[in-house]
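Visitor: final-v7.csv is the file, holding CSV, C-alpha atoms and all ligand atoms:
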```csv
chain,number,residue,atom,x,y,z
L,1,MET,CA,22.9,4.6,1.0
L,2,SER,CA,21.3,4.6,-2.4
L,3,ILE,CA,19.2,7.5,-3.3
L,4,ALA,CA,15.7,7.1,-4.7
L,5,LYS,CA,14.7,8.0,-8.2
L,6,ILE,CA,12.7,11.2,-8.0
L,7,ILE,CA,9.3,10.7,-9.8
L,8,ASP,CA,8.9,13.8,-11.9
L,9,GLY,CA,5.1,14.4,-11.9
L,10,LYS,CA,5.4,17.8,-13.3
L,11,LEU,CA,7.1,16.5,-16.5
L,12,PHE,CA,4.8,13.5,-16.7
L,13,ALA,CA,1.7,15.8,-16.4
L,14,GLN,CA,3.1,18.2,-19.0
L,15,ASN,CA,3.6,15.3,-21.5
L,16,LEU,CA,0.1,14.0,-20.7
L,17,ARG,CA,-1.4,17.5,-21.3
L,18,THR,CA,0.5,17.7,-24.7
L,19,ASP,CA,-0.9,14.3,-25.7
L,20,ILE,CA,-4.5,15.3,-24.5
L,21,ALA,CA,-4.2,18.5,-26.6
L,22,ARG,CA,-3.3,16.4,-29.6
L,23,ARG,CA,-6.3,14.1,-29.1
L,24,VAL,CA,-8.6,17.1,-28.5
L,25,ALA,CA,-7.5,18.6,-31.9
L,26,GLU,CA,-8.2,15.2,-33.5
L,27,LEU,CA,-11.7,15.0,-32.1
L,28,LYS,CA,-12.4,18.5,-33.3
L,29,ASP,CA,-11.1,17.6,-36.8
L,30,LYS,CA,-13.0,14.3,-37.1
L,31,LYS,CA,-16.2,15.0,-35.2
L,32,ASN,CA,-16.3,18.8,-35.0
L,33,VAL,CA,-16.7,18.5,-31.2
L,34,THR,CA,-14.8,20.6,-28.6
L,35,PRO,CA,-14.8,19.0,-25.2
L,36,GLY,CA,-16.2,21.4,-22.6
L,37,LEU,CA,-15.6,21.5,-18.8
L,38,ALA,CA,-17.7,23.4,-16.3
L,39,VAL,CA,-16.2,24.3,-13.0
L,40,ILE,CA,-18.3,25.7,-10.2
L,41,LEU,CA,-16.7,27.4,-7.2
L,42,VAL,CA,-19.0,28.5,-4.3
L,43,GLY,CA,-17.4,31.1,-2.0
L,44,ASN,CA,-13.9,32.4,-2.0
L,45,ASP,CA,-11.6,29.9,-0.2
L,46,PRO,CA,-8.2,31.1,-1.3
L,47,ALA,CA,-6.8,27.5,-1.9
L,48,SER,CA,-9.9,26.6,-4.0
L,49,GLU,CA,-9.6,29.8,-6.0
L,50,VAL,CA,-6.0,28.9,-7.0
L,51,TYR,CA,-7.0,25.3,-8.0
L,52,VAL,CA,-10.0,26.6,-10.0
L,53,ARG,CA,-8.0,29.2,-11.8
L,54,ASN,CA,-5.4,26.6,-12.8
L,55,LYS,CA,-8.1,24.2,-13.9
L,56,ASN,CA,-9.6,26.8,-16.2
L,57,LYS,CA,-6.2,27.9,-17.6
L,58,GLN,CA,-5.1,24.3,-18.4
L,59,THR,CA,-8.5,23.4,-19.9
L,60,ILE,CA,-8.1,26.3,-22.4
L,61,GLU,CA,-4.5,25.4,-23.1
L,62,ALA,CA,-5.6,21.9,-24.0
L,63,GLY,CA,-7.9,23.3,-26.6
L,64,MET,CA,-11.1,22.6,-24.6
L,65,ARG,CA,-13.9,25.0,-23.7
L,66,SER,CA,-13.9,26.2,-20.1
L,67,PHE,CA,-17.2,27.3,-18.4
L,68,GLU,CA,-16.4,29.0,-15.1
L,69,PHE,CA,-18.9,29.8,-12.4
L,70,ASN,CA,-17.8,31.7,-9.3
L,71,LEU,CA,-20.8,31.8,-7.1
L,72,PRO,CA,-21.1,33.8,-3.8
L,73,ALA,CA,-20.7,31.9,-0.5
L,74,GLU,CA,-24.3,32.5,0.4
L,75,THR,CA,-25.6,30.7,-2.7
L,76,SER,CA,-28.4,28.4,-1.7
L,77,GLU,CA,-28.4,24.6,-2.3
L,78,GLU,CA,-31.4,25.1,-4.5
L,79,GLU,CA,-29.7,27.6,-6.7
L,80,LEU,CA,-26.6,25.4,-7.0
L,81,LEU,CA,-28.8,22.4,-7.9
L,82,LYS,CA,-30.6,24.4,-10.6
L,83,ARG,CA,-27.2,25.4,-12.1
L,84,ILE,CA,-26.1,21.8,-12.2
L,85,PHE,CA,-29.3,20.7,-13.9
L,86,GLU,CA,-28.8,23.4,-16.6
L,87,LEU,CA,-25.2,22.1,-17.1
L,88,ASN,CA,-26.4,18.5,-17.2
L,89,ASN,CA,-28.7,19.5,-20.1
L,90,ASN,CA,-26.1,21.7,-21.9
L,91,PRO,CA,-24.7,19.7,-24.9
L,92,GLU,CA,-21.6,21.9,-25.0
L,93,VAL,CA,-20.6,20.8,-21.5
L,94,HIS,CA,-19.1,17.3,-21.3
L,95,GLY,CA,-17.7,17.5,-17.8
L,96,ILE,CA,-18.9,19.1,-14.6
L,97,LEU,CA,-16.8,19.7,-11.5
L,98,VAL,CA,-18.0,21.3,-8.2
L,99,GLN,CA,-15.0,22.4,-6.2
L,100,LEU,CA,-15.0,20.9,-2.7
L,101,PRO,CA,-15.3,21.8,0.1
L,102,LEU,CA,-18.7,23.5,-0.2
L,103,PRO,CA,-20.0,26.0,2.4
L,104,ALA,CA,-21.5,24.3,5.5
L,105,HIS,CA,-25.1,25.2,4.6
L,106,ILE,CA,-25.0,23.1,1.4
L,107,ASN,CA,-25.4,19.3,1.4
L,108,GLU,CA,-22.3,18.1,-0.4
L,109,ASP,CA,-23.7,14.6,-1.2
L,110,ALA,CA,-26.9,16.0,-2.7
L,111,VAL,CA,-24.9,18.4,-4.9
L,112,ILE,CA,-22.4,15.8,-6.1
L,113,ASN,CA,-25.2,13.3,-6.9
L,114,ALA,CA,-27.1,15.8,-8.9
L,115,ILE,CA,-24.3,15.8,-11.5
L,116,SER,CA,-25.1,13.5,-14.4
L,117,PRO,CA,-22.8,10.4,-13.9
L,118,ALA,CA,-21.9,10.7,-17.6
L,119,LYS,CA,-20.5,14.2,-16.9
L,120,ASP,CA,-19.1,13.4,-13.5
L,121,VAL,CA,-15.4,13.8,-14.4
L,122,ASP,CA,-14.4,13.8,-10.7
L,123,GLY,CA,-15.8,10.3,-10.3
L,124,PHE,CA,-17.6,11.3,-7.1
L,125,THR,CA,-21.2,10.3,-7.8
L,126,ILE,CA,-22.5,7.1,-6.2
L,127,LEU,CA,-22.8,5.5,-9.6
L,128,ASN,CA,-19.1,6.0,-10.5
L,129,VAL,CA,-18.0,5.2,-7.0
L,130,GLY,CA,-20.0,1.9,-7.2
L,131,LYS,CA,-18.7,1.1,-10.7
L,132,LEU,CA,-15.1,1.5,-9.5
L,133,ALA,CA,-15.8,-0.7,-6.5
L,134,ILE,CA,-17.0,-3.6,-8.6
L,135,GLY,CA,-14.1,-3.1,-11.0
L,136,GLY,CA,-16.1,-1.7,-13.8
L,137,ASP,CA,-15.6,1.2,-16.3
L,138,ALA,CA,-16.0,4.4,-14.3
L,139,PHE,CA,-14.7,7.9,-14.2
L,140,ILE,CA,-11.9,7.6,-11.7
L,141,PRO,CA,-11.2,10.4,-9.2
L,142,CYS,CA,-8.4,12.5,-10.6
L,143,THR,CA,-5.8,12.4,-7.8
L,144,PRO,CA,-5.8,8.6,-7.4
L,145,LEU,CA,-5.8,8.2,-11.2
L,146,GLY,CA,-2.7,10.5,-11.3
L,147,CYS,CA,-1.0,8.4,-8.6
L,148,LEU,CA,-1.8,5.2,-10.5
L,149,MET,CA,-0.3,6.6,-13.7
L,150,LEU,CA,3.0,7.5,-11.9
L,151,LEU,CA,3.1,4.0,-10.2
L,152,ARG,CA,2.6,2.2,-13.5
L,153,ASP,CA,5.3,4.3,-15.1
L,154,SER,CA,7.7,3.6,-12.2
L,155,VAL,CA,6.9,0.0,-11.2
L,156,GLY,CA,5.4,-1.5,-14.4
L,157,ASP,CA,3.2,-4.5,-13.4
L,158,LEU,CA,1.7,-3.9,-10.0
L,159,SER,CA,0.2,-7.4,-9.6
L,160,GLY,CA,1.0,-9.1,-6.3
L,161,LYS,CA,2.6,-6.1,-4.7
L,162,HIS,CA,1.7,-5.1,-1.2
L,163,ALA,CA,0.4,-1.6,-1.4
L,164,ILE,CA,-0.5,0.5,1.7
L,165,VAL,CA,-2.8,3.5,1.3
L,166,ILE,CA,-2.5,5.8,4.3
L,167,GLY,CA,-5.8,7.8,4.6
L,168,ARG,CA,-9.4,6.8,3.9
L,169,SER,CA,-11.0,9.9,2.3
L,170,ASN,CA,-13.6,9.6,-0.4
L,171,ILE,CA,-11.5,11.8,-2.7
L,172,VAL,CA,-8.2,9.9,-2.4
L,173,GLY,CA,-7.8,7.0,0.0
L,174,LYS,CA,-10.8,4.9,-0.8
L,175,PRO,CA,-10.7,5.2,-4.6
L,176,MET,CA,-6.9,4.7,-4.5
L,177,ALA,CA,-7.4,1.4,-2.6
L,178,ALA,CA,-10.1,0.3,-5.1
L,179,LEU,CA,-7.7,1.1,-8.1
L,180,LEU,CA,-4.8,-0.8,-6.6
L,181,LEU,CA,-7.0,-3.8,-5.9
L,182,LYS,CA,-8.1,-3.6,-9.5
L,183,GLU,CA,-4.4,-3.8,-10.4
L,184,SER,CA,-4.2,-7.0,-8.3
L,185,CYS,CA,-2.2,-5.5,-5.5
L,186,THR,CA,-2.6,-6.8,-1.9
L,187,VAL,CA,-4.1,-3.6,-0.4
L,188,THR,CA,-4.0,-2.4,3.2
L,189,ILE,CA,-5.8,0.8,4.1
L,190,ALA,CA,-4.3,2.5,7.2
L,191,HIS,CA,-5.9,5.5,9.0
L,192,SER,CA,-5.9,7.4,12.2
L,193,LYS,CA,-7.0,4.4,14.3
L,194,THR,CA,-4.5,2.0,12.8
L,195,ARG,CA,-2.2,0.4,15.4
L,196,ASP,CA,1.5,0.2,14.8
L,197,LEU,CA,1.7,1.7,11.3
L,198,PRO,CA,5.5,1.4,11.2
L,199,SER,CA,5.4,-2.4,11.3
L,200,ILE,CA,2.7,-2.6,8.7
L,201,LEU,CA,4.7,-0.2,6.4
L,202,LYS,CA,7.8,-2.5,6.7
L,203,THR,CA,6.0,-5.1,4.5
L,204,ALA,CA,4.7,-2.6,1.9
L,205,ASP,CA,6.2,-2.5,-1.6
L,206,ILE,CA,4.1,0.6,-2.5
L,207,VAL,CA,3.1,3.4,-0.1
L,208,VAL,CA,0.5,6.0,-1.0
L,209,ALA,CA,0.3,8.7,1.7
L,210,ALA,CA,-2.8,10.9,1.8
L,211,VAL,CA,-3.5,11.9,5.4
L,212,GLY,CA,-2.7,15.7,5.4
L,213,ARG,CA,-0.1,15.4,8.2
L,214,PRO,CA,3.2,17.1,7.4
L,215,ASN,CA,6.3,14.8,7.2
L,216,MET,CA,4.5,11.9,9.0
L,217,VAL,CA,5.9,8.9,7.2
L,218,LYS,CA,9.6,8.3,8.3
L,219,GLY,CA,12.3,6.6,6.3
L,220,GLU,CA,13.0,4.0,9.1
L,221,TRP,CA,9.4,2.7,8.7
L,222,LEU,CA,9.8,1.8,5.1
L,223,LYS,CA,10.8,-1.5,3.5
L,224,GLN,CA,14.1,-1.1,1.6
L,225,GLY,CA,13.3,-0.2,-2.1
L,226,ALA,CA,9.6,0.8,-1.5
L,227,VAL,CA,8.0,3.1,-4.0
L,228,VAL,CA,6.5,6.1,-2.3
L,229,ILE,CA,3.7,8.3,-3.6
L,230,ASP,CA,3.1,11.4,-1.5
L,231,VAL,CA,-0.3,13.0,-2.0
L,232,GLY,CA,0.1,15.5,0.9
L,233,ILE,CA,0.3,19.2,0.3
L,234,ASN,CA,0.9,20.9,3.7
L,235,ARG,CA,2.1,24.4,4.2
L,236,ILE,CA,4.4,24.6,7.3
L,237,THR,CA,6.2,27.5,9.0
L,238,GLN,CA,9.9,27.0,9.3
L,239,PRO,CA,12.0,28.3,12.3
L,240,ASP,CA,13.0,31.4,10.3
L,241,GLY,CA,9.3,32.3,9.9
L,242,LYS,CA,9.1,31.5,6.2
L,243,THR,CA,6.6,29.0,4.9
L,244,LYS,CA,7.1,26.0,2.6
L,245,LEU,CA,5.1,23.2,1.2
L,246,VAL,CA,5.8,19.7,2.4
L,247,GLY,CA,4.1,16.3,1.9
L,248,ASP,CA,2.9,13.7,4.3
L,249,VAL,CA,6.2,11.9,3.8
L,250,ASP,CA,9.4,13.0,5.4
L,251,PHE,CA,11.3,13.2,2.2
L,252,ALA,CA,14.8,13.6,3.7
L,253,SER,CA,14.7,10.4,5.7
L,254,CYS,CA,12.8,8.4,3.0
L,255,GLU,CA,14.9,9.2,-0.1
L,256,GLY,CA,17.7,6.9,1.1
L,257,ILE,CA,15.4,3.9,1.7
L,258,ALA,CA,12.8,4.2,-1.1
L,259,SER,CA,13.7,3.1,-4.7
L,260,ALA,CA,11.4,5.9,-6.1
L,261,ILE,CA,9.6,8.8,-4.5
L,262,THR,CA,7.4,11.7,-5.6
L,263,PRO,CA,8.6,15.2,-4.4
L,264,VAL,CA,6.3,17.9,-3.0
L,265,PRO,CA,5.7,20.1,-4.9
L,266,GLY,CA,6.1,18.7,-8.4
L,267,GLY,CA,5.0,15.1,-7.8
L,268,VAL,CA,1.3,14.1,-7.5
L,269,GLY,CA,0.0,17.7,-7.5
L,270,PRO,CA,0.4,18.5,-11.3
L,271,MET,CA,-1.2,15.1,-12.2
L,272,THR,CA,-4.6,16.0,-10.8
L,273,ILE,CA,-5.6,18.6,-13.3
L,274,ALA,CA,-4.0,16.6,-16.2
L,275,CYS,CA,-6.3,13.7,-15.2
L,276,LEU,CA,-9.3,16.0,-15.0
L,277,LEU,CA,-8.6,16.9,-18.6
L,278,GLU,CA,-8.2,13.3,-19.5
L,279,ASN,CA,-11.6,12.5,-18.0
L,280,THR,CA,-13.2,15.4,-19.7
L,281,LEU,CA,-11.9,14.3,-23.1
L,282,GLN,CA,-13.1,10.8,-22.3
L,283,ALA,CA,-16.6,12.2,-21.4
L,284,ALA,CA,-16.8,14.0,-24.7
L,285,LYS,CA,-15.7,10.8,-26.6
L,286,ASN,CA,-18.2,8.7,-24.7
L,287,ILE,CA,-21.0,11.0,-26.1
L,288,HIS,CA,-19.6,11.6,-29.6
L,289,GLY,CA,-17.8,8.4,-30.4
T,301,LIG,N1,-11.1,19.6,-3.6
T,301,LIG,C1,-9.9,19.0,-3.4
T,301,LIG,N2,-9.6,18.1,-4.3
T,301,LIG,C2,-10.7,18.1,-5.1
T,301,LIG,C3,-11.0,17.4,-6.3
T,301,LIG,O1,-10.3,16.5,-6.8
T,301,LIG,N3,-12.2,17.6,-6.9
T,301,LIG,C4,-13.1,18.6,-6.4
T,301,LIG,N4,-14.2,18.8,-7.0
T,301,LIG,N5,-12.8,19.3,-5.3
T,301,LIG,C5,-11.6,19.1,-4.7
```
If you took the structure in this file and wrote it as structure tokens, what would it be?
Ligand code: GUN
Guide:
Amino acid sequence: MSIAKIIDGKLFAQNLRTDIARRVAELKDKKNVTPGLAVILVGNDPASEVYVRNKNKQTIEAGMRSFEFNLPAETSEEELLKRIFELNNNPEVHGILVQLPLPAHINEDAVINAISPAKDVDGFTILNVGKLAIGGDAFIPCTPLGCLMLLRDSVGDLSGKHAIVIGRSNIVGKPMAALLLKESCTVTIAHSKTRDLPSILKTADIVVAAVGRPNMVKGEWLKQGAVVIDVGINRITQPDGKTKLVGDVDFASCEGIASAITPVPGGVGPMTIACLLENTLQAAKNIHG
């Protein structure tokens, strides 16, 4: 049984952030522009708080400006929209991210689409989603972009490969499928209603799992030598009562069948923020040349 190459997303993301910091310094030098990212968190969901703290820290480490807004859970939609309009008009802010999910009383679609598409570094506005769908130049959602970078690094040319994306969320599954199609993959999107997932997986050269179900994908379902990208981050309680993070892929049974696989943690996770910084730098360059 051969053992898969472990795709080190932590190292890849670190190298990417170093390179972004170099390009940020260059932009400052040449154009006297410092890229700025505004992150808005509404409420105090603990997982979102951790993500937002890390985003701000890494933004500053890359030499960019970080504008942080921690708003109370009872913030009205109107107040949030007003804040976004201010940021749309603030020339020091090049990227705007509203952390999801939002509290139930706020219309997520209305908020996302209030963000200027030119500052939509999450790639969630209808304009950027549409541009990606027609294969145009768009801000690409950060997690799928991170997955694509790891895949290109591992596989090289993706053209003609059969890629299966498990999960159809707007944040990961759908944009991932659009990106793989743009790379000329043959793309299958599987989801909770898909029949006989194991036999579909048997024909896939590339598997991207983004369903949020711990250890769901089993090694015996995979084609020999498949490349596996695990987007899942699930906290499970072990028999001894301790908790640990696992992906959507059963790593233990897959590592002997796959040719390359991302671990959890340390695979896709660190790529998301690095790609957010990449998109923010791009947003600043789009405006300032
Ligand atoms: N919540 C979980 N993932 C994301 C993301 O990529 N962007 C935003 N804005 N919220 C999220």
Visitor: Can you tell me which residues come within 10 Å of ligand LIG 301 (chain T) when counting only C-alpha atoms and all ligand atoms, ideally as a PyMOL selection string?
Guide: chain L and resi 39-41+47-48+51-52+96-102+112+120-124+141-144+170-172+272-273+275-276
Visitor: Using all atoms listed in the file, pick whichever of L:Ala118, L:Val155, L:Val207, L:Val129 has the shortest atom-to-atom distance to Ala178 (chain L).
Guide: L:Val129
Visitor: Please provide the set of residues having any atom within 12 Å of region 72-75 of chain L, restricted to all atoms listed in the file, with same-chain residues fewer than 6 positions apart removed, written as a ChimeraX atom specification.
Guide: /L:40-45,81-83,101-106
Visitor: Just want the 10 Å neighbourhood of region 33-35 of chain L, counted on only C-alpha atoms, with same-chain residues fewer than 5 positions away dropped. Output as a list in words.
Guide: Val24, Ala25, Glu26, Leu27, Lys28, Thr59, Ala62, Gly63, Met64, Arg65, Ser66, Pro91, Glu92, Val93, His94, Gly95, Leu277, Thr280, Leu281, Gln282, Ala283, Ala284, Lys285 and His288 of chain L
Visitor: Pick out the closest residue to Ile200 (chain L) from this set: L:Val165, L:Ala4, L:Ile140, L:Ala274. Count all atoms listed in the file.
Guide: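 Going through L:Val165, L:Ala4, L:Ile140, L:Ala274 one by one, the smallest distance to Ile200 (chain L) is for L:Val165.
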Visitor: What does the structure give for the distance between CA of Lys218 (chain L) and CA of Glu183 (chain L), in Å to one decimal?
Guide: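 Here the two named atoms are 26.3 Å from each other.
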Visitor: Which of these residues is nearest to Asn215 (chain L), using all atoms listed in the file: L:Thr186, L:Thr194, L:Thr203, L:Ser253?
Guide: L:Ser253
Visitor: Compare L:Ile20, L:Val231, L:Val50, L:Val264 by their minimum atom-to-atom distance to Gly146 (chain L), counting all atoms listed in the file, and give me the closest one.
Guide: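 Distance minimum relative to Gly146 (chain L) lands on L:Val231.
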Visitor: Which residues of region 233-262 of chain L sit at most 8 Å from region 6-18 of chain L, using all atoms listed in the file? Give each one's shortest atom pair and distance in Å (one decimal place), in chain and ascending residue order, as a tab-separated table.
Guide:
```
residue	atom	partner	partner_atom	distance
L:Ala260	CA	L:Ile6	CA	5.8
L:Ile261	CA	L:Ile6	CA	5.3
L:Thr262	CA	L:Ile7	CA	4.7
```
Visitor: Tell me which of L:Val228, L:Ala204, L:Val268, L:Leu158 sits closest to Val249 (chain L), counting all atoms listed in the file.
Guide: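 Closest residue, counting all atoms listed in the file: L:Val228.
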Visitor: How many Å separate CA of Pro270 (chain L) from CA of Ile236 (chain L)?
Guide: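 Rounded to one decimal, the two atoms are 20.0 Å apart.
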Visitor: Nearest residue to His162 (chain L) out of L:Val227, L:Asn128, L:Ala114, L:Glu108, using all atoms listed in the file?
Guide: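 Once distances to His162 (chain L) are computed over all atoms listed in the file, the minimum belongs to L:Val227.
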Visitor: Would you work out the distance separating CA of Gln224 (chain L) from CA of Gly269 (chain L), expressed in Å to one decimal?
Guide: 25.2 Å
Visitor: Missing atoms in region 230-240 of chain L: fill them in up to all heavy atoms and send the result as a JSON list (two decimals), in the frame of the given file.
Guide:
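The new file part01.json reads:
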```json
[["chain", "number", "residue", "atom", "x", "y", "z"],
["L", 230, "ASP", "N", 3.48, 10.47, -2.56],
["L", 230, "ASP", "CA", 3.10, 11.40, -1.50],
["L", 230, "ASP", "C", 2.02, 12.38, -2.02],
["L", 230, "ASP", "O", 2.29, 13.22, -2.86],
["L", 230, "ASP", "CB", 4.36, 12.18, -1.08],
["L", 230, "ASP", "CG", 4.14, 13.02, 0.17],
["L", 230, "ASP", "OD1", 2.98, 13.13, 0.63],
["L", 230, "ASP", "OD2", 5.13, 13.56, 0.68],
["L", 231, "VAL", "N", 0.81, 12.20, -1.52],
["L", 231, "VAL", "CA", -0.30, 13.00, -2.00],
["L", 231, "VAL", "C", -0.44, 14.31, -1.16],
["L", 231, "VAL", "O", -1.10, 15.26, -1.56],
["L", 231, "VAL", "CB", -1.63, 12.22, -1.94],
["L", 231, "VAL", "CG1", -2.80, 13.01, -2.47],
["L", 231, "VAL", "CG2", -1.50, 10.92, -2.74],
["L", 232, "GLY", "N", 0.23, 14.34, -0.02],
["L", 232, "GLY", "CA", 0.10, 15.50, 0.90],
["L", 232, "GLY", "C", 0.57, 16.80, 0.34],
["L", 232, "GLY", "O", 1.58, 16.83, -0.37],
["L", 233, "ILE", "N", -0.15, 17.85, 0.63],
["L", 233, "ILE", "CA", 0.30, 19.20, 0.30],
["L", 233, "ILE", "C", 0.07, 20.02, 1.61],
["L", 233, "ILE", "O", -1.07, 20.41, 1.87],
["L", 233, "ILE", "CB", -0.39, 19.86, -0.86],
["L", 233, "ILE", "CG1", -0.24, 19.00, -2.12],
["L", 233, "ILE", "CG2", 0.14, 21.27, -1.12],
["L", 233, "ILE", "CD1", -1.00, 19.53, -3.33],
["L", 234, "ASN", "N", 1.10, 20.20, 2.41],
["L", 234, "ASN", "CA", 0.90, 20.90, 3.70],
["L", 234, "ASN", "C", 1.85, 22.11, 3.72],
["L", 234, "ASN", "O", 3.03, 22.01, 3.37],
["L", 234, "ASN", "CB", 1.34, 19.96, 4.85],
["L", 234, "ASN", "CG", 0.68, 18.59, 4.77],
["L", 234, "ASN", "OD1", -0.51, 18.46, 5.02],
["L", 234, "ASN", "ND2", 1.45, 17.57, 4.40],
["L", 235, "ARG", "N", 1.29, 23.24, 4.11],
["L", 235, "ARG", "CA", 2.10, 24.40, 4.20],
["L", 235, "ARG", "C", 2.58, 24.55, 5.69],
["L", 235, "ARG", "O", 1.76, 24.60, 6.60],
["L", 235, "ARG", "CB", 1.36, 25.69, 3.80],
["L", 235, "ARG", "CG", 2.23, 26.93, 3.75],
["L", 235, "ARG", "CD", 1.56, 28.08, 3.03],
["L", 235, "ARG", "NE", 1.48, 27.92, 1.59],
["L", 235, "ARG", "CZ", 2.51, 28.09, 0.74],
["L", 235, "ARG", "NH1", 3.68, 28.43, 1.20],
["L", 235, "ARG", "NH2", 2.35, 27.92, -0.55],
["L", 236, "ILE", "N", 3.90, 24.54, 5.90],
["L", 236, "ILE", "CA", 4.40, 24.60, 7.30],
["L", 236, "ILE", "C", 5.27, 25.89, 7.43],
["L", 236, "ILE", "O", 5.82, 26.40, 6.46],
["L", 236, "ILE", "CB", 5.23, 23.39, 7.70],
["L", 236, "ILE", "CG1", 6.45, 23.19, 6.78],
["L", 236, "ILE", "CG2", 4.37, 22.15, 7.72],
["L", 236, "ILE", "CD1", 7.49, 22.26, 7.37],
["L", 237, "THR", "N", 5.34, 26.38, 8.66],
["L", 237, "THR", "CA", 6.20, 27.50, 9.00],
["L", 237, "THR", "C", 7.51, 27.02, 9.51],
["L", 237, "THR", "O", 7.54, 26.20, 10.43],
["L", 237, "THR", "CB", 5.49, 28.45, 9.97],
["L", 237, "THR", "OG1", 4.20, 28.77, 9.45],
["L", 237, "THR", "CG2", 6.28, 29.74, 10.19],
["L", 238, "GLN", "N", 8.59, 27.48, 8.91],
["L", 238, "GLN", "CA", 9.90, 27.00, 9.30],
["L", 238, "GLN", "C", 10.42, 27.92, 10.49],
["L", 238, "GLN", "O", 9.84, 28.98, 10.76],
["L", 238, "GLN", "CB", 10.88, 27.16, 8.13],
["L", 238, "GLN", "CG", 10.54, 26.17, 7.03],
["L", 238, "GLN", "CD", 11.33, 26.46, 5.78],
["L", 238, "GLN", "OE1", 11.07, 27.43, 5.08],
["L", 238, "GLN", "NE2", 12.31, 25.62, 5.52],
["L", 239, "PRO", "N", 11.52, 27.49, 11.14],
["L", 239, "PRO", "CA", 12.00, 28.30, 12.30],
["L", 239, "PRO", "C", 12.32, 29.74, 11.93],
["L", 239, "PRO", "O", 12.19, 30.62, 12.76],
["L", 239, "PRO", "CB", 13.32, 27.53, 12.65],
["L", 239, "PRO", "CG", 13.12, 26.14, 12.15],
["L", 239, "PRO", "CD", 12.25, 26.24, 10.93],
["L", 240, "ASP", "N", 12.72, 29.99, 10.64],
["L", 240, "ASP", "CA", 13.00, 31.40, 10.30],
["L", 240, "ASP", "C", 11.75, 32.18, 9.92],
["L", 240, "ASP", "O", 11.83, 33.32, 9.49],
["L", 240, "ASP", "CB", 13.99, 31.41, 9.07],
["L", 240, "ASP", "CG", 13.40, 30.77, 7.81],
["L", 240, "ASP", "OD1", 12.22, 30.35, 7.84],
["L", 240, "ASP", "OD2", 14.11, 30.69, 6.79]]
```
